[in-house]
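Encoded as structure tokens, the structure appears first; notes follow it.
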Amino acid sequence: MVDRWKGWGCMVDRMNSNFAYRKTSTIVDTSAESQPIWFISEDISDADKPLLSPLFQDSFNQWVSETSGLASFEAGEFVLFNNEAEEISSEGLYDAEAGEKRNAALAKVVQSVISSGLSCHNEADDLFTAAVPIHRRGDGAVFCILAYVSPIGHQKDIAQLQMCSLHFRSCFYHKFEQLYVKDLLLQQQRAEQEANRRDSLFQAAKRLYDQIDVASVLSELLSSLEQLYPNSEVHLYLSQDHLNGDPRVKPLVFKNLEHDLVTKAFLNGKSVTEHDRDGTLRLAVPMNGKQAAYGVLCLYIGPGKWDEADLPAFLLLADTAGSAFENAKLYEQSNLLINELRLINELTKRLNQSLRLKEIFQFATTELLTIFDADYCCVLQLNKEKNQFIVMSSNFPSLTSEQFLPDYGFCGMVYRTKEPMIISDYWHTRVVTSKLMDNTGSRSLIASPIMVDGEVVGVILITHKAPNFFSYDNYKLLQVMSTHIGLAVTNASLHAEVRRMVITDNLTGLHARHYLNEQIQNRQRKDPFGSLILVDIDLFKRINDTYGHQVGDRILIQVSNIIRGSIRQGDIAARWGGEELAIYLPGIRAEQAYRIAERIRVHVEMETDPVVTVSCGVSEWKFEDEKISVESLFYRADMALYEAKHNGRNCIIVGQN
């Protein structure tokens, strides 16, 4: 049956070409009444012979139904032959006993008609036979023969038989035209279906390219497939991590290449089709972009629901989806990169606004928690003198100021490798013990070293309580940000070192005089009172003249160390002049300052080598004083020191307000 329709399709194609030719001819009268039916001149050809038997049979049956009232059917038998003398069908009275004579008589008249192209009749062996040729309407060639056989005495008028042949001929061409028009309608229907499919694909592709984010592309793809293939089940397997929320979107897991449809399609880059035992079709098509394959579209459709003509359209849709997915992914990555650059720029700008290490660490902790949406952050600095990591900033209070050895936990791993690291689930991959992870109940971690001149000076630890929380993009971003934090730490350290050098006397290690003046001035604005001690090494010129300046410098250092060991951490000691030293004691009255000065005097006399003594002048200020200034405070202490020098040295005098 399929071959028959294919044959008729060939006939229709040939007739369409003839029709196209006629359309180009000039037509003068275009009125509907003057135009014949365009396909009335279409005809069969010799090439159609293999396909004519069903048409002959249908036409003969129709002719018999329309002429069943003729008396000739009761007196004899009508027989239809093709132009090769092969009997096709018959109807009417038939004597089975005269079968051989009938066949021979019919063959004789049919062969005569085929050879001459004219009607023929014969009477022999008690049988009357007649045959009439039926001509094609195009070229007049004989394409079949209508014969009649009856006993002698029931002869048929040849003219009546010719009328019957003309009737059959009209039935044949009626059937032929019906079949021709039916095939044209079928082709038109297929063309309309193809046009609708193309339009649907165009609209689906347009909607896909209109989306700019990955989630929208995937949702639109699945929605379009539902509309195009309503009787199917669709799944999308992605080779990249993507949380879509749609159960039809799944990760691509590589299985056995020989038996897994999806894996085979992805690795080979070609569509793969399989049929289940119940006839269900399984189709897997790779979703390719210009740069890579991003996944596999898998379609499951029931028996008889799939048309092979739909395969090119499905492949085109998969390619379109791959390109749209790639574009959305690139757009997403470009936005991510822009946001990262913006965050880095903002972080760098804010970090450079401060030159204090404590502030930098605290700001970095706050910003990193926000950027990575983390639960906890801990920034550690390596103290080279103690050879320990010290927690400089953390939003977990119990860790503040904690100290760890360089080989402890994750900071130890980062310190050894000098590389960032990511932990997806600490509970399942406990490679080291971590106080931060254990005490906070965290499961995900990203960590990065803070590098300065190729050396690790600190470590950043960022954690979250959920497993698999941080992505590879987070890991890379932290690596970049830690570099900028390292630069800020370097700048702050250099600034602190320069400031220390500016405010510190190189020989004694005590503060410089201008720093002491600034600090006294600041404290006089805030404190209710304070005291100043001026210390002068007795007969220091004699030491230099006797032992040399190197010994004199050593004496200065010894006295400075004694002073540092005799005062509080918040007290300020400075080198005021050559051999004169000054100590400011905030919140200390003159009486207590005197005792501190006495302690210094005693220790100097006992611990210096060669032995020297010191004279001290003490002064104080109170907020009740009429005039409060650094100059007046120094003036009174200097006067007291002058008096101590004139009272025999190695003594302490308290100046009066």
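Chain labels run A, B, ... following the order of the structure tokens; each chain numbers its residues from 1, and ligands are numbered from 1 in the order shown.
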
Please identify which residues in stretch 255-488 of chain A DSSP calls strand (DSSP E) from the backbone, and express them as a ChimeraX atom specification.
/A:272-275,281-288,293-301,376-383,388-394,403-404,421-423,444-452,455-464

Do you know which residues are at most 8 Å from A:Trp576 counting only C-alpha atoms, after dropping those on the same chain fewer than 5 positions away, and could you put them as a tab-separated table (two decimals) with C-alpha atoms, in the first residue's frame?
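What landed in result-v6.tsv:
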```tsv
chain	number	residue	atom	x	y	z
A	512	ALA	CA	60.89	60.95	70.05
A	513	ARG	CA	60.29	64.29	71.77
A	581	LEU	CA	65.00	61.51	79.19
A	582	ALA	CA	61.32	62.25	79.86
```

Exercise: A:Ser615 partners within 7 Å, only C-alpha atoms, chain neighbours under 6 positions left out, as a ChimeraX atom specification:
/A:535-538,641,644-645,649-652

Keeping only N, CA, C and O atoms, write the selected residues as a PDB file, in the first residue's frame.
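Below you can see result.pdb, which holds the result:
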```
ATOM      1  N   VAL A 535      64.510  63.097  83.466  1.00  0.00           N
ATOM      2  CA  VAL A 535      65.646  62.344  84.010  1.00  0.00           C
ATOM      3  C   VAL A 535      66.905  62.806  83.286  1.00  0.00           C
ATOM      4  O   VAL A 535      66.948  62.811  82.038  1.00  0.00           O
ATOM      5  N   ASP A 536      67.923  63.178  84.066  1.00  0.00           N
ATOM      6  CA  ASP A 536      69.195  63.619  83.477  1.00  0.00           C
ATOM      7  C   ASP A 536      70.328  62.787  84.071  1.00  0.00           C
ATOM      8  O   ASP A 536      70.426  62.620  85.299  1.00  0.00           O
ATOM      9  N   ILE A 537      71.190  62.234  83.216  1.00  0.00           N
ATOM     10  CA  ILE A 537      72.327  61.423  83.676  1.00  0.00           C
ATOM     11  C   ILE A 537      73.405  62.381  84.191  1.00  0.00           C
ATOM     12  O   ILE A 537      73.871  63.263  83.457  1.00  0.00           O
ATOM     13  N   ASP A 538      73.790  62.172  85.419  1.00  0.00           N
ATOM     14  CA  ASP A 538      74.762  63.069  86.064  1.00  0.00           C
ATOM     15  C   ASP A 538      76.144  62.894  85.433  1.00  0.00           C
ATOM     16  O   ASP A 538      76.599  61.758  85.176  1.00  0.00           O
ATOM     17  N   LEU A 641      64.364  69.921  87.913  1.00  0.00           N
ATOM     18  CA  LEU A 641      65.588  69.202  87.573  1.00  0.00           C
ATOM     19  C   LEU A 641      66.811  70.103  87.794  1.00  0.00           C
ATOM     20  O   LEU A 641      67.862  69.647  88.298  1.00  0.00           O
ATOM     21  N   ALA A 644      67.573  70.068  91.371  1.00  0.00           N
ATOM     22  CA  ALA A 644      68.191  68.798  91.792  1.00  0.00           C
ATOM     23  C   ALA A 644      69.671  68.777  91.440  1.00  0.00           C
ATOM     24  O   ALA A 644      70.512  68.258  92.205  1.00  0.00           O
ATOM     25  N   LYS A 645      70.013  69.350  90.284  1.00  0.00           N
ATOM     26  CA  LYS A 645      71.416  69.389  89.870  1.00  0.00           C
ATOM     27  C   LYS A 645      72.241  70.250  90.842  1.00  0.00           C
ATOM     28  O   LYS A 645      73.392  69.926  91.167  1.00  0.00           O
ATOM     29  N   ARG A 649      73.062  66.566  92.924  1.00  0.00           N
ATOM     30  CA  ARG A 649      72.766  65.481  91.965  1.00  0.00           C
ATOM     31  C   ARG A 649      72.303  64.210  92.693  1.00  0.00           C
ATOM     32  O   ARG A 649      72.261  64.161  93.907  1.00  0.00           O
ATOM     33  N   ASN A 650      71.940  63.189  91.856  1.00  0.00           N
ATOM     34  CA  ASN A 650      71.444  61.887  92.358  1.00  0.00           C
ATOM     35  C   ASN A 650      70.309  62.062  93.358  1.00  0.00           C
ATOM     36  O   ASN A 650      70.262  61.426  94.418  1.00  0.00           O
ATOM     37  N   CYS A 651      69.388  62.983  93.013  1.00  0.00           N
ATOM     38  CA  CYS A 651      68.228  63.221  93.875  1.00  0.00           C
ATOM     39  C   CYS A 651      67.026  63.596  93.026  1.00  0.00           C
ATOM     40  O   CYS A 651      67.139  63.758  91.808  1.00  0.00           O
ATOM     41  N   ILE A 652      65.852  63.764  93.695  1.00  0.00           N
ATOM     42  CA  ILE A 652      64.594  64.039  92.985  1.00  0.00           C
ATOM     43  C   ILE A 652      63.959  65.265  93.601  1.00  0.00           C
ATOM     44  O   ILE A 652      63.834  65.353  94.842  1.00  0.00           O
TER      45      ILE A 652
END
```

Find the spatial neighbours of A:Ala85, counting only C-alpha atoms, within a cut-off of 9 Å - ignore same-chain residues fewer than 2 positions away - and output them as a list in words.
Phe81, Asn82, Asn83, Glu87, Ala107, Val110, Gln111, Ile114, Cys144 and Ile145 of chain A

Could those selected residues go to a file with C-alpha atoms, as a PDB file, in the first residue's frame?
```
ATOM      1  CA  PHE A  81      -8.263  -6.780 -19.186  1.00  0.00           C
ATOM      2  CA  ASN A  82      -5.197  -4.576 -19.079  1.00  0.00           C
ATOM      3  CA  ASN A  83      -3.228  -3.820 -22.228  1.00  0.00           C
ATOM      4  CA  GLU A  87      -7.603 -10.396 -16.686  1.00  0.00           C
ATOM      5  CA  ALA A 107      -7.930 -14.237 -25.326  1.00  0.00           C
ATOM      6  CA  VAL A 110      -8.476  -9.311 -26.638  1.00  0.00           C
ATOM      7  CA  GLN A 111      -5.256  -9.997 -28.567  1.00  0.00           C
ATOM      8  CA  ILE A 114      -4.429  -5.040 -28.611  1.00  0.00           C
ATOM      9  CA  CYS A 144      -7.353  -1.562 -20.999  1.00  0.00           C
ATOM     10  CA  ILE A 145     -10.009  -3.670 -22.787  1.00  0.00           C
TER      11      ILE A 145
END
```

At a cut-off of 12 Å, using only C-alpha atoms, what residues contact A:Ile446? Leave out same-chain residues fewer than 3 positions from it and give the result as a VMD selection string.
chain A and resid 368 to 369 372 374 to 378 410 to 411 414 419 to 426 437 442 to 443 449 459 to 464 467 to 479 482

Since we have the selection now, will you write its residues out, keeping C-alpha atoms, as a PDB file, in the first residue's frame?
```pdb
ATOM      1  CA  LEU A 368      33.829  38.854  53.377  1.00  0.00           C
ATOM      2  CA  LEU A 369      30.847  37.697  55.436  1.00  0.00           C
ATOM      3  CA  PHE A 372      30.062  35.233  50.387  1.00  0.00           C
ATOM      4  CA  ALA A 374      28.873  33.130  55.014  1.00  0.00           C
ATOM      5  CA  ASP A 375      28.088  32.254  58.613  1.00  0.00           C
ATOM      6  CA  TYR A 376      31.573  32.768  60.057  1.00  0.00           C
ATOM      7  CA  CYS A 377      34.843  34.414  59.080  1.00  0.00           C
ATOM      8  CA  CYS A 378      38.209  34.315  60.817  1.00  0.00           C
ATOM      9  CA  PHE A 410      43.338  24.384  58.027  1.00  0.00           C
ATOM     10  CA  CYS A 411      45.514  27.462  58.600  1.00  0.00           C
ATOM     11  CA  VAL A 414      47.284  26.752  53.850  1.00  0.00           C
ATOM     12  CA  GLU A 419      47.493  27.660  48.172  1.00  0.00           C
ATOM     13  CA  PRO A 420      43.784  28.332  48.762  1.00  0.00           C
ATOM     14  CA  MET A 421      41.521  25.416  49.549  1.00  0.00           C
ATOM     15  CA  ILE A 422      37.838  24.457  49.554  1.00  0.00           C
ATOM     16  CA  ILE A 423      36.090  21.882  51.760  1.00  0.00           C
ATOM     17  CA  SER A 424      32.630  20.755  50.632  1.00  0.00           C
ATOM     18  CA  ASP A 425      31.656  18.817  53.760  1.00  0.00           C
ATOM     19  CA  TYR A 426      33.919  18.866  56.812  1.00  0.00           C
ATOM     20  CA  MET A 437      34.655  24.227  62.297  1.00  0.00           C
ATOM     21  CA  SER A 442      30.256  24.530  60.125  1.00  0.00           C
ATOM     22  CA  ARG A 443      30.482  22.047  57.264  1.00  0.00           C
ATOM     23  CA  PRO A 449      46.583  32.669  52.375  1.00  0.00           C
ATOM     24  CA  VAL A 459      45.164  33.175  56.559  1.00  0.00           C
ATOM     25  CA  ILE A 460      41.486  33.857  55.832  1.00  0.00           C
ATOM     26  CA  LEU A 461      38.942  31.171  56.836  1.00  0.00           C
ATOM     27  CA  ILE A 462      35.291  31.482  55.725  1.00  0.00           C
ATOM     28  CA  THR A 463      32.716  28.859  56.753  1.00  0.00           C
ATOM     29  CA  HIS A 464      29.037  27.962  56.444  1.00  0.00           C
ATOM     30  CA  PRO A 467      27.388  21.370  53.146  1.00  0.00           C
ATOM     31  CA  ASN A 468      28.479  22.131  49.543  1.00  0.00           C
ATOM     32  CA  PHE A 469      27.667  25.799  50.084  1.00  0.00           C
ATOM     33  CA  PHE A 470      30.629  27.456  48.395  1.00  0.00           C
ATOM     34  CA  SER A 471      31.185  27.255  44.639  1.00  0.00           C
ATOM     35  CA  TYR A 472      34.371  27.187  42.620  1.00  0.00           C
ATOM     36  CA  ASP A 473      33.661  30.811  41.675  1.00  0.00           C
ATOM     37  CA  ASN A 474      33.653  31.695  45.405  1.00  0.00           C
ATOM     38  CA  TYR A 475      36.965  29.892  45.768  1.00  0.00           C
ATOM     39  CA  LYS A 476      38.536  31.921  42.926  1.00  0.00           C
ATOM     40  CA  LEU A 477      37.047  35.208  44.163  1.00  0.00           C
ATOM     41  CA  LEU A 478      38.449  34.718  47.678  1.00  0.00           C
ATOM     42  CA  GLN A 479      41.848  34.027  46.152  1.00  0.00           C
ATOM     43  CA  SER A 482      43.062  37.830  49.665  1.00  0.00           C
TER      44      SER A 482
END
```

Enumerate the residues of stretch 123-327 of chain A with a DSSP assignment of helix (DSSP H, G or I), computed from the backbone, and present them as an NGL selection string.
:A and (158-210 or 214-228 or 261-268 or 308-327)
